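Here's the structure we're looking at; comments come further down.
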Amino acid sequence: MILAFAVAPVVLITLLIGLRGVAAMRTTSDFLVASRRVSPLLNSAAVSGEYLSAASFLGVAGLVVKDGIGALWYPVGFTAGYIAMLVLVAAPMRRSGALTVPDFAEARLASPALRRVTAAVILVIGGLYLVPQFRTAGLVLSAVSNSPYWVGVVISGAGVAITLALGGMRAATYVQAFQFVLKLVLFIVPAIWLLIQVSPQTRDDALNPVEFTRFTEDTTVKFRIGTTLERDGERWEIPQGATVEFKEGTPVPEVVGEARPGGVGWARPLLDIADADHPLLSTWALTVALALGTMGLPHVIMRFHTSPDGRAARRTAAFTVGLLGIFYLFPGIYGVLGRVLVPQLYLSGDTDTAVVALPAQVDTGWAGSLFTALLTGGAFAAFLATSLGLLLVVSGAIAYDLLPGGLRRLRVTVVLAAAVVVLLALQAIRIDAGVLVTWAFTVAASTFCPLLVLGIWWSRLTVAGAMSGVLVGLFTSSSAFAGTLLGLPVTGWLAILVAQPAPWTVPLAFLTMIIVSLRGRPPSWARTAMLRLHLNEDREQTPADRLRALREGAQPSQTSRS
């Protein structure tokens, strides 16, 4: 029933809106940046819809259930990135005339090699970010409808691929704007309903947390992911797919390596990465990664290229901060109620499903089923909207930056890329989605953030400096996360800087770009190329326009500004 009444309408409307973009699809610019004719208000709704992924709609509340109030720093980092983007990146990127980040890199520094390297980085970021979207879609649909995990993954992949192949960025814009409004309504209304429906005792328990040590009623836990539990010094393995019944009054076992919800430190408004007991450093490290990572996310940056001019791009960023601020008022409500009503999700590693599990705990009748369906529909809107933007930049990196071709190649690439991500997601059920998403943000912060800031604001940046900095950022951030996944034996503050390396990988990438560039000499036109990014749009062609004209076989003089 959930599949029919919650997921099907969202997917169907997505496909129908996608058809609207077909008639306007004639050129590569139409496919990638919707001919640069998207108004600031529509664009900000689309940016917000694209950015509010599974990590925002479900993940923040799930992290609050598992890790505590400190998880609310995630929305702070997500939103702060748009303020930095508003000040430093939005308008100059639009004035560059580029269609993609690699397009900007080549236009600014005249280096096809740098274009290929940045395209490869996009594939890394896109893969790390896309797989968790499809994975969470499979887990959520499985949790609310008992369907197999692969059903949600395949539905998400097919819906996104068909919509993009039909309508490109124009279709994605309308879909993402619609889905932002849908997500906002389907997130806020159930939150208010939950607050009204729960008992005064539940509200008091939510505000005064105690550790989850005993089951207050007979509780059945389904382990969609295998895990290891421990109680009284005894450990036992729970296989994937197992169902365990815990009787009322039974002591709650611990998940190896994790603390129980509501325990010591749960209410502390700071994070504690890797249980290193350095909450201030942990909070700062994560906020830096999310804020600077947002400024370097390629699917977010591409959105500003759809604006008519630099002023519109800046207004889009400003509106987006306001829209995100409204949405992020509510994940904390789901998180604190989830700790009281569904703390057992911590055992199975399903805390990401706390949002959709709450209505049935409050009302077992038609109202609970209705709000479960609404939240599931909103969650699927989050998966689809974010996946549209990510799949678009991945396809653009392949079929526009690495292997330039026309519309047909872009459409085929969309379908093939979606198929590859679906196959990866089918094998990723055991992987922590939060780790992959944080890794994507950290790679973006360590590579594209320095490249964009210095490329826009420093005329002495050279090809060698940019290339070195991007590669150093990519290698160091990926190595740190690999060390975390392999269980590198480090403790204390060092464990934080390995688990979340942005505080040192981002400065290292900046320093590498600056030092290597100072040892070389920028071309004579470098200052002019940089200044062009800060001038009004009613000028001659930008370097990106001329490069694009050459690739499309046209004369530069015949190509006008988009």
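Residue numbering restarts at 1 in every chain; chains get A, B, ... in the order shown in the structure tokens, and ligands count up from 1 in that same order.
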Taking only residues of range 300-353 of chain A that have an atom at most 10 Å from an atom of range 153-175 of chain A, what is each one's shortest atom pair and its distance in Å to one decimal, using only C-alpha atoms, in chain and number order, as CSV?
```
residue,atom,partner,partner_atom,distance
A:Met302,CA,A:Met169,CA,9.7
A:Arg303,CA,A:Thr173,CA,8.8
A:Thr306,CA,A:Met169,CA,8.5
```
Atoms kept (C-alpha atoms) for selection, written as a PDB file, in the first residue's frame:
```
ATOM      1  CA  MET A 302      26.096  23.904 -11.728  1.00  0.00           C
ATOM      2  CA  ARG A 303      22.774  25.279 -10.492  1.00  0.00           C
ATOM      3  CA  THR A 306      21.331  28.269 -14.939  1.00  0.00           C
TER       4      THR A 306
END
```
Find the spatial neighbours of range 321-328 of chain A, counting only C-alpha atoms, within a cut-off of 10 Å - ignore same-chain residues fewer than 5 positions away - and output them as a VMD selection string.
chain A and resid 44 to 45 47 to 49 51 to 52 56 to 57 60 72 74 to 76 78 to 83 86 180 to 181 183 to 185 187 to 188 316
Residues of the last selection are to be written out with N, CA and C atoms, as an mmCIF file, in the first residue's frame.
```
data_model
loop_
_atom_site.group_PDB
_atom_site.id
_atom_site.type_symbol
_atom_site.label_atom_id
_atom_site.label_comp_id
_atom_site.auth_asym_id
_atom_site.auth_seq_id
_atom_site.Cartn_x
_atom_site.Cartn_y
_atom_site.Cartn_z
ATOM 1 N N SER A 44 16.203 28.985 -6.611
ATOM 2 C CA SER A 44 16.488 28.736 -5.193
ATOM 3 C C SER A 44 15.651 27.576 -4.674
ATOM 4 N N ALA A 45 14.399 27.460 -5.138
ATOM 5 C CA ALA A 45 13.589 26.301 -4.749
ATOM 6 C C ALA A 45 14.192 25.019 -5.300
ATOM 7 N N VAL A 47 17.432 24.570 -6.087
ATOM 8 C CA VAL A 47 18.674 24.319 -5.345
ATOM 9 C C VAL A 47 18.353 23.655 -4.003
ATOM 10 N N SER A 48 17.350 24.199 -3.315
ATOM 11 C CA SER A 48 16.969 23.643 -2.014
ATOM 12 C C SER A 48 16.456 22.216 -2.160
ATOM 13 N N GLY A 49 15.629 21.994 -3.194
ATOM 14 C CA GLY A 49 15.132 20.642 -3.424
ATOM 15 C C GLY A 49 16.238 19.667 -3.730
ATOM 16 N N TYR A 51 19.406 20.003 -2.787
ATOM 17 C CA TYR A 51 20.341 19.894 -1.672
ATOM 18 C C TYR A 51 19.772 19.103 -0.496
ATOM 19 N N LEU A 52 18.435 19.163 -0.325
ATOM 20 C CA LEU A 52 17.815 18.453 0.799
ATOM 21 C C LEU A 52 17.704 16.974 0.450
ATOM 22 N N SER A 56 19.474 15.006 4.759
ATOM 23 C CA SER A 56 18.730 16.058 5.439
ATOM 24 C C SER A 56 17.355 15.583 5.876
ATOM 25 N N PHE A 57 16.624 14.917 4.979
ATOM 26 C CA PHE A 57 15.244 14.531 5.271
ATOM 27 C C PHE A 57 15.180 13.431 6.323
ATOM 28 N N VAL A 60 19.598 13.511 9.419
ATOM 29 C CA VAL A 60 19.849 14.362 10.589
ATOM 30 C C VAL A 60 19.061 13.861 11.793
ATOM 31 N N LEU A 72 22.774 18.248 15.464
ATOM 32 C CA LEU A 72 22.131 19.412 14.835
ATOM 33 C C LEU A 72 23.151 20.402 14.280
ATOM 34 N N TYR A 74 25.016 19.473 11.931
ATOM 35 C CA TYR A 74 25.003 19.155 10.504
ATOM 36 C C TYR A 74 24.214 20.189 9.699
ATOM 37 N N PRO A 75 22.965 20.527 10.090
ATOM 38 C CA PRO A 75 22.260 21.567 9.344
ATOM 39 C C PRO A 75 22.975 22.917 9.359
ATOM 40 N N VAL A 76 23.674 23.227 10.448
ATOM 41 C CA VAL A 76 24.423 24.480 10.514
ATOM 42 C C VAL A 76 25.499 24.501 9.426
ATOM 43 N N PHE A 78 25.579 22.607 6.675
ATOM 44 C CA PHE A 78 24.943 22.583 5.358
ATOM 45 C C PHE A 78 24.558 23.997 4.904
ATOM 46 N N THR A 79 23.945 24.763 5.814
ATOM 47 C CA THR A 79 23.442 26.091 5.450
ATOM 48 C C THR A 79 24.563 27.121 5.372
ATOM 49 N N ALA A 80 25.554 27.025 6.257
ATOM 50 C CA ALA A 80 26.661 27.991 6.252
ATOM 51 C C ALA A 80 27.405 27.972 4.926
ATOM 52 N N GLY A 81 27.443 26.814 4.275
ATOM 53 C CA GLY A 81 28.134 26.739 2.991
ATOM 54 C C GLY A 81 27.544 27.657 1.946
ATOM 55 N N TYR A 82 26.241 27.879 2.001
ATOM 56 C CA TYR A 82 25.604 28.767 1.021
ATOM 57 C C TYR A 82 25.926 30.227 1.284
ATOM 58 N N ILE A 83 26.190 30.581 2.544
ATOM 59 C CA ILE A 83 26.613 31.953 2.832
ATOM 60 C C ILE A 83 27.991 32.205 2.228
ATOM 61 N N LEU A 86 27.536 32.470 -1.469
ATOM 62 C CA LEU A 86 26.942 33.753 -1.824
ATOM 63 C C LEU A 86 28.015 34.836 -1.925
ATOM 64 N N PHE A 180 10.864 20.314 -3.657
ATOM 65 C CA PHE A 180 11.195 21.070 -2.447
ATOM 66 C C PHE A 180 9.920 21.465 -1.708
ATOM 67 N N VAL A 181 8.947 22.006 -2.440
ATOM 68 C CA VAL A 181 7.675 22.377 -1.811
ATOM 69 C C VAL A 181 7.021 21.142 -1.201
ATOM 70 N N LYS A 183 8.490 18.349 -0.169
ATOM 71 C CA LYS A 183 9.242 17.910 1.007
ATOM 72 C C LYS A 183 8.979 18.824 2.201
ATOM 73 N N LEU A 184 8.908 20.119 1.939
ATOM 74 C CA LEU A 184 8.682 21.062 3.024
ATOM 75 C C LEU A 184 7.335 20.793 3.700
ATOM 76 N N VAL A 185 6.298 20.628 2.889
ATOM 77 C CA VAL A 185 4.960 20.373 3.434
ATOM 78 C C VAL A 185 4.907 19.010 4.129
ATOM 79 N N PHE A 187 7.178 17.378 5.490
ATOM 80 C CA PHE A 187 8.060 17.293 6.651
ATOM 81 C C PHE A 187 7.490 18.091 7.823
ATOM 82 N N ILE A 188 6.938 19.266 7.520
ATOM 83 C CA ILE A 188 6.456 20.152 8.577
ATOM 84 C C ILE A 188 5.117 19.672 9.150
ATOM 85 N N THR A 316 19.856 34.000 -5.977
ATOM 86 C CA THR A 316 19.491 32.587 -5.789
ATOM 87 C C THR A 316 20.114 32.038 -4.520
#
```
- request: List every residue of range 186-249 of chain A that DSSP, applied to the backbone of this structure, places in helix (DSSP H, G or I), and write the result as an MDAnalysis selection string.
  value: chainID A and resid 186:197 200:207
Within 8 Å of Leu452 in chain A using only C-alpha atoms, minus same-chain residues under 4 positions, as a PDB file with C-alpha atoms, in the first residue's frame:
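And here is the file that came out, around33.pdb:
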```pdb
ATOM      1  CA  VAL A  89      31.521  32.006  -5.715  1.00  0.00           C
ATOM      2  CA  GLY A 296      32.614  22.823  -3.765  1.00  0.00           C
ATOM      3  CA  PHE A 448      37.043  22.328  -5.651  1.00  0.00           C
ATOM      4  CA  ILE A 456      38.124  33.533  -8.903  1.00  0.00           C
TER       5      ILE A 456
END
```
What separates CA of Ala276 in chain A and CA of Val490 in chain A is a distance of 9.6 Å
Here CA of Pro522 in chain A and CA of Asp309 in chain A stand apart by 27.9 Å
Quiz item: Using only C-alpha atoms, which residues sit within 12 Å of range 193-197 of chain A once same-chain residues fewer than 6 positions away are excluded, as a PyMOL selection string?
Solution: chain A and resi 186-187+203-204+206+330+333-338+341+355-364+367-368+370-372
Phe223 in chain A environment, 10 Å, only C-alpha atoms, sequence neighbours closer than 5 positions dropped, as an MDAnalysis selection string: chainID A and resid 238:244 345 347:350
Requested write-out: N, CA and C atoms of the selected residues, as a PDB file, in the first residue's frame:
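Produced file result08.pdb, reproduced below:
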```pdb
ATOM      1  N   ILE A 238      24.500 -10.983  14.931  1.00  0.00           N
ATOM      2  CA  ILE A 238      23.142 -11.025  14.387  1.00  0.00           C
ATOM      3  C   ILE A 238      23.255 -10.977  12.867  1.00  0.00           C
ATOM      4  N   PRO A 239      22.850 -12.026  12.153  1.00  0.00           N
ATOM      5  CA  PRO A 239      22.997 -12.032  10.695  1.00  0.00           C
ATOM      6  C   PRO A 239      21.997 -11.093  10.016  1.00  0.00           C
ATOM      7  N   GLN A 240      22.345 -10.688   8.815  1.00  0.00           N
ATOM      8  CA  GLN A 240      21.453  -9.845   8.028  1.00  0.00           C
ATOM      9  C   GLN A 240      20.126 -10.562   7.764  1.00  0.00           C
ATOM     10  N   GLY A 241      19.017  -9.831   7.966  1.00  0.00           N
ATOM     11  CA  GLY A 241      17.697 -10.393   7.730  1.00  0.00           C
ATOM     12  C   GLY A 241      17.076 -11.067   8.939  1.00  0.00           C
ATOM     13  N   ALA A 242      17.822 -11.171  10.045  1.00  0.00           N
ATOM     14  CA  ALA A 242      17.293 -11.837  11.245  1.00  0.00           C
ATOM     15  C   ALA A 242      16.289 -10.938  11.959  1.00  0.00           C
ATOM     16  N   THR A 243      15.363 -11.573  12.676  1.00  0.00           N
ATOM     17  CA  THR A 243      14.393 -10.864  13.505  1.00  0.00           C
ATOM     18  C   THR A 243      14.529 -11.360  14.940  1.00  0.00           C
ATOM     19  N   VAL A 244      14.683 -10.415  15.890  1.00  0.00           N
ATOM     20  CA  VAL A 244      14.903 -10.773  17.292  1.00  0.00           C
ATOM     21  C   VAL A 244      13.803 -10.144  18.135  1.00  0.00           C
ATOM     22  N   LEU A 345      15.790   1.261  17.097  1.00  0.00           N
ATOM     23  CA  LEU A 345      16.390   1.341  15.759  1.00  0.00           C
ATOM     24  C   LEU A 345      17.910   1.446  15.840  1.00  0.00           C
ATOM     25  N   LEU A 347      19.764  -0.440  17.559  1.00  0.00           N
ATOM     26  CA  LEU A 347      20.311  -1.794  17.562  1.00  0.00           C
ATOM     27  C   LEU A 347      20.522  -2.324  16.154  1.00  0.00           C
ATOM     28  N   SER A 348      19.575  -2.050  15.272  1.00  0.00           N
ATOM     29  CA  SER A 348      19.634  -2.598  13.916  1.00  0.00           C
ATOM     30  C   SER A 348      20.354  -1.680  12.938  1.00  0.00           C
ATOM     31  N   GLY A 349      20.791  -0.507  13.404  1.00  0.00           N
ATOM     32  CA  GLY A 349      21.448   0.433  12.500  1.00  0.00           C
ATOM     33  C   GLY A 349      20.489   1.123  11.561  1.00  0.00           C
ATOM     34  N   ASP A 350      19.184   1.123  11.898  1.00  0.00           N
ATOM     35  CA  ASP A 350      18.157   1.702  11.040  1.00  0.00           C
ATOM     36  C   ASP A 350      17.688   3.067  11.523  1.00  0.00           C
TER      37      ASP A 350
END
```
Just asking: which residues within range 238-283 of chain A are strand (DSSP E or B) according to DSSP, as a PyMOL selection string?
chain A and resi 238+242-246+251+254-255
Limited to all heavy atoms, could you put the picked residues into a file as a PDB file, in the first residue's frame?
```pdb
ATOM      1  N   ILE A 238      24.500 -10.983  14.931  1.00  0.00           N
ATOM      2  CA  ILE A 238      23.142 -11.025  14.387  1.00  0.00           C
ATOM      3  C   ILE A 238      23.255 -10.977  12.867  1.00  0.00           C
ATOM      4  O   ILE A 238      23.750  -9.985  12.314  1.00  0.00           O
ATOM      5  CB  ILE A 238      22.293  -9.846  14.874  1.00  0.00           C
ATOM      6  CG1 ILE A 238      22.297  -9.775  16.401  1.00  0.00           C
ATOM      7  CG2 ILE A 238      20.870  -9.952  14.331  1.00  0.00           C
ATOM      8  CD1 ILE A 238      21.650 -10.953  17.071  1.00  0.00           C
ATOM      9  N   ALA A 242      17.822 -11.171  10.045  1.00  0.00           N
ATOM     10  CA  ALA A 242      17.293 -11.837  11.245  1.00  0.00           C
ATOM     11  C   ALA A 242      16.289 -10.938  11.959  1.00  0.00           C
ATOM     12  O   ALA A 242      16.336  -9.710  11.878  1.00  0.00           O
ATOM     13  CB  ALA A 242      18.429 -12.199  12.188  1.00  0.00           C
ATOM     14  N   THR A 243      15.363 -11.573  12.676  1.00  0.00           N
ATOM     15  CA  THR A 243      14.393 -10.864  13.505  1.00  0.00           C
ATOM     16  C   THR A 243      14.529 -11.360  14.940  1.00  0.00           C
ATOM     17  O   THR A 243      14.514 -12.569  15.183  1.00  0.00           O
ATOM     18  CB  THR A 243      12.960 -11.103  12.999  1.00  0.00           C
ATOM     19  OG1 THR A 243      12.844 -10.602  11.659  1.00  0.00           O
ATOM     20  CG2 THR A 243      11.950 -10.379  13.878  1.00  0.00           C
ATOM     21  N   VAL A 244      14.683 -10.415  15.890  1.00  0.00           N
ATOM     22  CA  VAL A 244      14.903 -10.773  17.292  1.00  0.00           C
ATOM     23  C   VAL A 244      13.803 -10.144  18.135  1.00  0.00           C
ATOM     24  O   VAL A 244      13.468  -8.961  17.976  1.00  0.00           O
ATOM     25  CB  VAL A 244      16.286 -10.288  17.779  1.00  0.00           C
ATOM     26  CG1 VAL A 244      16.494 -10.668  19.246  1.00  0.00           C
ATOM     27  CG2 VAL A 244      17.390 -10.876  16.915  1.00  0.00           C
ATOM     28  N   GLU A 245      13.243 -10.941  19.048  1.00  0.00           N
ATOM     29  CA  GLU A 245      12.196 -10.470  19.961  1.00  0.00           C
ATOM     30  C   GLU A 245      12.817 -10.206  21.329  1.00  0.00           C
ATOM     31  O   GLU A 245      13.443 -11.087  21.923  1.00  0.00           O
ATOM     32  CB  GLU A 245      11.104 -11.535  20.080  1.00  0.00           C
ATOM     33  CG  GLU A 245       9.967 -11.151  21.015  1.00  0.00           C
ATOM     34  CD  GLU A 245       8.870 -10.382  20.319  1.00  0.00           C
ATOM     35  OE1 GLU A 245       8.784 -10.455  19.074  1.00  0.00           O
ATOM     36  OE2 GLU A 245       8.099  -9.713  21.014  1.00  0.00           O
ATOM     37  N   PHE A 246      12.650  -8.980  21.812  1.00  0.00           N
ATOM     38  CA  PHE A 246      13.135  -8.602  23.141  1.00  0.00           C
ATOM     39  C   PHE A 246      11.927  -8.421  24.060  1.00  0.00           C
ATOM     40  O   PHE A 246      11.009  -7.656  23.762  1.00  0.00           O
ATOM     41  CB  PHE A 246      13.934  -7.300  23.073  1.00  0.00           C
ATOM     42  CG  PHE A 246      15.217  -7.409  22.292  1.00  0.00           C
ATOM     43  CD1 PHE A 246      15.259  -7.048  20.954  1.00  0.00           C
ATOM     44  CD2 PHE A 246      16.374  -7.860  22.889  1.00  0.00           C
ATOM     45  CE1 PHE A 246      16.433  -7.130  20.222  1.00  0.00           C
ATOM     46  CE2 PHE A 246      17.562  -7.951  22.171  1.00  0.00           C
ATOM     47  CZ  PHE A 246      17.587  -7.593  20.831  1.00  0.00           C
ATOM     48  N   PRO A 251      17.213  -6.173  29.663  1.00  0.00           N
ATOM     49  CA  PRO A 251      18.263  -5.161  29.478  1.00  0.00           C
ATOM     50  C   PRO A 251      18.602  -4.983  27.993  1.00  0.00           C
ATOM     51  O   PRO A 251      18.629  -5.952  27.233  1.00  0.00           O
ATOM     52  CB  PRO A 251      19.458  -5.740  30.251  1.00  0.00           C
ATOM     53  CG  PRO A 251      18.849  -6.684  31.232  1.00  0.00           C
ATOM     54  CD  PRO A 251      17.641  -7.265  30.550  1.00  0.00           C
ATOM     55  N   GLU A 254      24.284  -3.573  23.947  1.00  0.00           N
ATOM     56  CA  GLU A 254      24.993  -2.489  23.269  1.00  0.00           C
ATOM     57  C   GLU A 254      25.438  -2.949  21.895  1.00  0.00           C
ATOM     58  O   GLU A 254      25.811  -4.114  21.709  1.00  0.00           O
ATOM     59  CB  GLU A 254      26.213  -2.043  24.070  1.00  0.00           C
ATOM     60  CG  GLU A 254      25.882  -1.304  25.351  1.00  0.00           C
ATOM     61  CD  GLU A 254      27.125  -0.721  25.998  1.00  0.00           C
ATOM     62  OE1 GLU A 254      28.242  -1.003  25.500  1.00  0.00           O
ATOM     63  OE2 GLU A 254      26.988   0.011  26.983  1.00  0.00           O
ATOM     64  N   VAL A 255      25.387  -2.039  20.942  1.00  0.00           N
ATOM     65  CA  VAL A 255      26.006  -2.289  19.644  1.00  0.00           C
ATOM     66  C   VAL A 255      27.497  -2.026  19.810  1.00  0.00           C
ATOM     67  O   VAL A 255      27.890  -0.964  20.317  1.00  0.00           O
ATOM     68  CB  VAL A 255      25.413  -1.363  18.557  1.00  0.00           C
ATOM     69  CG1 VAL A 255      26.130  -1.585  17.226  1.00  0.00           C
ATOM     70  CG2 VAL A 255      23.925  -1.626  18.412  1.00  0.00           C
TER      71      VAL A 255
END
```
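Residues surrounding range 109-117 of chain A within 10 Å are Thr100, Val101, Pro102, Asp103, Ala397, Ile398, Asp401, Leu402, Leu403, Gly455, Leu461, Thr462, Val463, Ala464, Ala466, Met467, Ser468, Val470, Leu471, Pro522, Pro523, Trp525, Ala526, Ala529, Met530, Pro543, Ala544 and Leu547 of chain A [only C-alpha atoms; sequence separation below 6 positions excluded].
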For Gly138 in chain A: contacts at 9 Å, only C-alpha atoms, fewer than 3 positions along chain excluded, given as a PyMOL selection string
chain A and resi 133-135+141-143+147-156+425-426+429
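The space separating CA of Pro489 in chain A from CA of Gly473 in chain A comes to 22.8 Å.
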